[in-house]
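Source file query38.pdb; content: PDB, C-alpha atoms, pLDDT in the B column.
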```
ATOM      1  CA  MET A 859     140.160  56.669-123.487  1.00 60.00           C
ATOM      2  CA  ALA A 860     137.970  56.178-126.564  1.00 73.00           C
ATOM      3  CA  THR A 861     135.061  58.560-127.080  1.00 89.00           C
ATOM      4  CA  VAL A 862     132.200  58.506-129.550  1.00 94.00           C
ATOM      5  CA  GLU A 863     130.175  61.674-130.005  1.00 96.00           C
ATOM      6  CA  LEU A 864     126.692  61.602-131.454  1.00 96.00           C
ATOM      7  CA  ARG A 865     124.628  64.688-132.270  1.00 97.00           C
ATOM      8  CA  PHE A 866     121.087  64.480-133.561  1.00 97.00           C
ATOM      9  CA  SER A 867     118.251  66.869-134.255  1.00 96.00           C
ATOM     10  CA  ALA A 868     115.663  67.012-131.484  1.00 95.00           C
ATOM     11  CA  GLN A 869     113.260  64.599-133.141  1.00 96.00           C
ATOM     12  CA  PRO A 870     111.832  61.573-131.300  1.00 95.00           C
ATOM     13  CA  GLU A 871     112.618  59.229-134.189  1.00 96.00           C
ATOM     14  CA  HIS A 872     116.377  59.728-133.619  1.00 97.00           C
ATOM     15  CA  VAL A 873     116.249  58.430-130.030  1.00 97.00           C
ATOM     16  CA  ARG A 874     116.192  54.835-131.289  1.00 97.00           C
ATOM     17  CA  THR A 875     119.436  55.414-133.180  1.00 96.00           C
ATOM     18  CA  ALA A 876     121.070  56.809-130.030  1.00 97.00           C
ATOM     19  CA  ARG A 877     119.987  53.691-128.101  1.00 96.00           C
ATOM     20  CA  LEU A 878     121.440  51.372-130.750  1.00 96.00           C
ATOM     21  CA  VAL A 879     124.752  53.258-130.896  1.00 96.00           C
ATOM     22  CA  ALA A 880     125.006  53.309-127.088  1.00 96.00           C
ATOM     23  CA  ALA A 881     124.431  49.555-126.860  1.00 96.00           C
ATOM     24  CA  ALA A 882     127.024  48.834-129.552  1.00 95.00           C
ATOM     25  CA  VAL A 883     129.677  51.036-127.936  1.00 94.00           C
ATOM     26  CA  ALA A 884     128.860  49.653-124.470  1.00 95.00           C
ATOM     27  CA  ARG A 885     129.266  46.099-125.747  1.00 94.00           C
ATOM     28  CA  ARG A 886     132.613  46.970-127.316  1.00 92.00           C
ATOM     29  CA  ALA A 887     133.703  48.658-124.051  1.00 92.00           C
ATOM     30  CA  GLY A 888     133.069  45.440-122.138  1.00 92.00           C
ATOM     31  CA  VAL A 889     129.804  46.236-120.363  1.00 94.00           C
ATOM     32  CA  ASP A 890     128.218  42.992-119.208  1.00 93.00           C
ATOM     33  CA  GLU A 891     125.606  41.635-121.649  1.00 93.00           C
ATOM     34  CA  ALA A 892     123.059  41.425-118.819  1.00 90.00           C
ATOM     35  CA  VAL A 893     123.314  45.210-118.334  1.00 93.00           C
ATOM     36  CA  LEU A 894     122.962  46.243-121.995  1.00 94.00           C
ATOM     37  CA  ASP A 895     119.168  46.511-121.772  1.00 94.00           C
ATOM     38  CA  GLU A 896     119.559  48.937-118.861  1.00 94.00           C
ATOM     39  CA  VAL A 897     122.033  50.985-120.914  1.00 95.00           C
ATOM     40  CA  ARG A 898     119.580  51.108-123.837  1.00 95.00           C
ATOM     41  CA  LEU A 899     116.648  52.082-121.631  1.00 95.00           C
ATOM     42  CA  ALA A 900     118.589  54.734-119.691  1.00 95.00           C
ATOM     43  CA  VAL A 901     119.969  56.317-122.862  1.00 97.00           C
ATOM     44  CA  GLY A 902     116.535  56.234-124.463  1.00 95.00           C
ATOM     45  CA  GLU A 903     114.976  57.945-121.464  1.00 95.00           C
ATOM     46  CA  ALA A 904     117.728  60.579-121.216  1.00 96.00           C
ATOM     47  CA  CYS A 905     117.577  61.317-124.957  1.00 96.00           C
ATOM     48  CA  SER A 906     113.762  61.476-124.927  1.00 94.00           C
ATOM     49  CA  ARG A 907     113.978  63.942-122.044  1.00 93.00           C
ATOM     50  CA  ALA A 908     116.482  66.116-123.951  1.00 94.00           C
ATOM     51  CA  VAL A 909     114.368  65.985-127.118  1.00 94.00           C
ATOM     52  CA  GLY A 910     111.281  66.998-125.131  1.00 92.00           C
ATOM     53  CA  LEU A 911     113.109  69.897-123.488  1.00 91.00           C
ATOM     54  CA  HIS A 912     114.412  71.162-126.823  1.00 93.00           C
ATOM     55  CA  ARG A 913     111.014  70.914-128.478  1.00 92.00           C
ATOM     56  CA  SER A 914     109.134  72.544-125.588  1.00 89.00           C
ATOM     57  CA  HIS A 915     111.583  75.460-125.574  1.00 90.00           C
ATOM     58  CA  GLY A 916     111.622  75.836-129.368  1.00 92.00           C
ATOM     59  CA  LEU A 917     115.332  75.022-129.698  1.00 93.00           C
ATOM     60  CA  THR A 918     116.722  73.765-132.989  1.00 92.00           C
ATOM     61  CA  ALA A 919     120.152  72.860-131.584  1.00 94.00           C
ATOM     62  CA  PRO A 920     121.065  69.164-131.674  1.00 96.00           C
ATOM     63  CA  VAL A 921     120.995  66.853-128.663  1.00 96.00           C
ATOM     64  CA  ARG A 922     124.528  65.730-127.766  1.00 97.00           C
ATOM     65  CA  VAL A 923     125.501  62.234-126.603  1.00 97.00           C
ATOM     66  CA  LEU A 924     129.079  61.403-125.546  1.00 97.00           C
ATOM     67  CA  LEU A 925     129.979  57.748-125.045  1.00 96.00           C
ATOM     68  CA  SER A 926     133.331  57.273-123.297  1.00 95.00           C
ATOM     69  CA  GLU A 927     135.288  54.136-122.645  1.00 91.00           C
ATOM     70  CA  GLU A 928     137.802  54.315-119.831  1.00 87.00           C
ATOM     71  CA  GLU A 929     139.886  51.566-118.245  1.00 84.00           C
ATOM     72  CA  LYS A 930     137.136  50.055-116.082  1.00 91.00           C
ATOM     73  CA  THR A 931     134.181  52.341-116.753  1.00 93.00           C
ATOM     74  CA  PHE A 932     131.808  53.078-119.598  1.00 95.00           C
ATOM     75  CA  SER A 933     130.095  56.448-119.337  1.00 96.00           C
ATOM     76  CA  ILE A 934     127.464  58.326-121.264  1.00 96.00           C
ATOM     77  CA  GLU A 935     126.621  62.027-121.168  1.00 97.00           C
ATOM     78  CA  VAL A 936     123.386  63.256-122.697  1.00 97.00           C
ATOM     79  CA  GLY A 937     123.321  67.028-123.056  1.00 95.00           C
ATOM     80  CA  ASP A 938     120.622  69.513-123.897  1.00 94.00           C
ATOM     81  CA  GLU A 939     120.929  73.239-124.511  1.00 93.00           C
ATOM     82  CA  VAL A 940     118.043  74.421-122.322  1.00 90.00           C
ATOM     83  CA  PRO A 941     119.525  77.092-120.025  1.00 86.00           C
ATOM     84  CA  GLY A 942     119.305  76.496-116.278  1.00 73.00           C
ATOM     85  CA  SER A 943     116.929  74.208-114.461  1.00 47.00           C
ATOM     86  CA  GLY A 944     114.392  76.823-113.411  1.00 36.00           C
ATOM     87  CA  GLY A 945     113.387  77.944-116.898  1.00 36.00           C
ATOM     88  CA  GLY A 946     109.657  77.243-116.593  1.00 38.00           C
ATOM     89  CA  ALA A 947     107.093  78.333-119.140  1.00 38.00           C
ATOM     90  CA  ALA A 948     106.842  81.818-120.544  1.00 40.00           C
ATOM     91  CA  ALA A 949     104.204  84.096-119.096  1.00 38.00           C
ATOM     92  CA  GLY A 950     100.860  83.180-120.510  1.00 43.00           C
ATOM     93  CA  GLY A 951      98.394  82.674-117.736  1.00 46.00           C
ATOM     94  CA  ARG A 952      96.937  79.588-116.171  1.00 47.00           C
ATOM     95  CA  ALA A 953      97.260  77.337-119.242  1.00 45.00           C
ATOM     96  CA  ALA A 954     101.005  78.039-119.443  1.00 43.00           C
ATOM     97  CA  ASP A 955     101.390  77.375-115.707  1.00 48.00           C
ATOM     98  CA  GLU A 956      99.578  74.033-116.050  1.00 49.00           C
ATOM     99  CA  ALA A 957     101.707  73.087-119.074  1.00 46.00           C
ATOM    100  CA  ALA A 958     104.865  73.928-117.103  1.00 51.00           C
ATOM    101  CA  ALA A 959     103.687  71.821-114.162  1.00 53.00           C
ATOM    102  CA  ASP A 960     102.975  68.882-116.496  1.00 54.00           C
ATOM    103  CA  ALA A 961     106.415  69.246-118.089  1.00 56.00           C
ATOM    104  CA  ASP A 962     108.108  69.368-114.668  1.00 65.00           C
ATOM    105  CA  GLU A 963     106.223  66.257-113.554  1.00 68.00           C
ATOM    106  CA  GLU A 964     107.202  64.404-116.742  1.00 68.00           C
ATOM    107  CA  ASP A 965     110.827  65.523-116.283  1.00 72.00           C
ATOM    108  CA  GLU A 966     110.896  64.222-112.693  1.00 78.00           C
ATOM    109  CA  MET A 967     109.390  60.912-113.818  1.00 80.00           C
ATOM    110  CA  GLY A 968     112.045  60.529-116.523  1.00 78.00           C
ATOM    111  CA  LEU A 969     114.847  61.199-114.043  1.00 85.00           C
ATOM    112  CA  ALA A 970     113.318  58.683-111.612  1.00 85.00           C
ATOM    113  CA  VAL A 971     113.268  56.016-114.327  1.00 86.00           C
ATOM    114  CA  ILE A 972     116.909  56.702-115.211  1.00 88.00           C
ATOM    115  CA  SER A 973     118.021  56.604-111.564  1.00 85.00           C
ATOM    116  CA  GLY A 974     116.292  53.232-111.220  1.00 85.00           C
ATOM    117  CA  LEU A 975     118.344  51.874-114.135  1.00 84.00           C
ATOM    118  CA  VAL A 976     121.733  53.420-113.332  1.00 88.00           C
ATOM    119  CA  ASP A 977     123.665  53.174-110.075  1.00 85.00           C
ATOM    120  CA  ASP A 978     126.040  56.012-110.933  1.00 90.00           C
ATOM    121  CA  MET A 979     124.126  59.017-112.272  1.00 92.00           C
ATOM    122  CA  GLU A 980     124.656  62.764-112.014  1.00 93.00           C
ATOM    123  CA  VAL A 981     122.396  65.544-113.282  1.00 92.00           C
ATOM    124  CA  SER A 982     123.790  69.036-113.725  1.00 92.00           C
ATOM    125  CA  SER A 983     122.433  72.242-115.183  1.00 90.00           C
ATOM    126  CA  SER A 984     123.928  75.576-116.155  1.00 90.00           C
ATOM    127  CA  GLU A 985     123.144  78.523-118.364  1.00 89.00           C
ATOM    128  CA  GLY A 986     124.578  76.514-121.273  1.00 89.00           C
ATOM    129  CA  GLY A 987     122.207  73.592-120.755  1.00 92.00           C
ATOM    130  CA  GLY A 988     121.804  70.397-118.804  1.00 92.00           C
ATOM    131  CA  VAL A 989     123.761  67.154-118.739  1.00 95.00           C
ATOM    132  CA  ILE A 990     122.885  63.699-117.465  1.00 95.00           C
ATOM    133  CA  ARG A 991     126.007  61.632-116.771  1.00 96.00           C
ATOM    134  CA  MET A 992     125.646  57.877-116.343  1.00 96.00           C
ATOM    135  CA  SER A 993     128.287  55.190-115.954  1.00 95.00           C
ATOM    136  CA  TRP A 994     128.563  51.429-115.717  1.00 94.00           C
ATOM    137  CA  PRO A 995     131.441  49.109-114.868  1.00 92.00           C
ATOM    138  CA  ALA A 996     133.241  47.656-117.864  1.00 90.00           C
ATOM    139  CA  ALA A 997     135.820  44.956-118.284  1.00 82.00           C
ATOM    140  CA  PRO A 998     138.326  45.199-121.119  1.00 68.00           C
ATOM    141  CA  VAL A 999     137.292  42.935-123.960  1.00 62.00           C
ATOM    142  CA  ALA A1000     139.942  40.346-124.776  1.00 58.00           C
ATOM    143  CA  ALA A1001     141.233  40.442-128.327  1.00 49.00           C
ATOM    144  CA  ALA A1002     139.678  37.832-130.569  1.00 45.00           C
ATOM    145  CA  PRO A1003     142.006  34.940-131.423  1.00 49.00           C
ATOM    146  CA  ASP A1004     143.624  35.026-134.840  1.00 50.00           C
ATOM    147  CA  ARG A1005     141.414  32.804-137.003  1.00 51.00           C
ATOM    148  CA  ALA A1006     144.041  32.479-139.733  1.00 52.00           C
ATOM    149  CA  ALA A1007     146.323  30.464-137.449  1.00 49.00           C
ATOM    150  CA  PRO A1008     146.010  26.652-137.734  1.00 50.00           C
TER     151      PRO A1008
END
```

Structure re-expressed in structure tokens:
Amino acid sequence: MATVELRFSAQPEHVRTARLVAAAVARRAGVDEAVLDEVRLAVGEACSRAVGLHRSHGLTAPVRVLLSEEEKTFSIEVGDEVPGSGGGAAAGGRAADEAAADADEEDEMGLAVISGLVDDMEVSSSEGGGVIRMSWPAAPVAAAPDRAAP
């Protein structure tokens, strides 16, 4: 099983790089070309969600992306370090409550978009942070023929 690990600071401009790396690794793993756009979009959405969570909670820890190639499956895990799923906003009155509600609504929308792109998706959360796991079927890529042979 081959694994690529990518860590990037929680800045929106790094999400594009994560999408490009995910598409390249997915292609090498044998994910069908017709599905690569879905891989890019799902990874972009999951990474944007993690970046938003980190920024809204003031975390400086990097966002983690694991890309794994197994025999017939290509999987991606996007992890954040925001503890638990019920964190909510800090006490601060009505404005904080409204900001938390907006963030929750945006989070639910992001997860809905990802679930529409990925058939096999799992979302988990713990005190150490959250993880979105996504996977796609992959076929082993045949070795390229030796071009030096006549």

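Every protein or nucleic acid residue with an atom no more than 12 Å from Ala887 of chain A, counting all atoms listed in the file and leaving out same-chain residues fewer than 4 positions away, appears here: Met859, Ala860, Thr861, Val862, Ala880, Ala881, Ala882, Val883, Glu891, Leu894, Leu925, Ser926, Glu927, Glu928, Glu929, Lys930, Thr931, Phe932, Ser933, Ile934, Ser993, Trp994, Pro995, Ala996, Ala997, Pro998, Val999, Ala1000 and Ala1001 of chain A.
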
Inset, instruction - To verify the selection step, state as an MDAnalysis selection string which residues the PyMOL selection byres ((chain A and resi 901-913) around 8) yields on this input. - result: chainID A and resid 868:870 873:874 876:877 880 897:900 914:919 921 934 936:940 965 968:969 971:972 990

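Comparing A:Ser984, A:Thr875, A:Ser867, A:Ser973 by their smallest distance to Arg922 of chain A, the closest is A:Ser867 (using only C-alpha atoms).
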
Inset, instruction - Could you tell me how far atom CA of Asp890 of chain A lies from atom CA of Asp978 of chain A, in Å and to one decimal? - result: 15.6 Å

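Here atom CA of Leu864 of chain A stands at a distance of 8.6 Å from atom CA of Val879 of chain A.
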
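Coordinates place atom CA of Glu896 of chain A at a distance of 7.4 Å from atom CA of Val976 of chain A.
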
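Each of A:Asp977, A:Glu966, A:Glu863, A:Asp895 was compared to Leu924 of chain A using all atoms listed in the file, and A:Glu863 turns out to be the nearest.
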
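Of the listed residues (A:Val889, A:Glu980, A:Ala970, A:Glu871), A:Glu980 comes nearest to Met992 of chain A; the distances count only C-alpha atoms.
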
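Using all atoms listed in the file, the shortest contact distance between Val923 of chain A and any of A:Met967, A:Arg865, A:Arg991, A:Val981 is found at A:Arg865.
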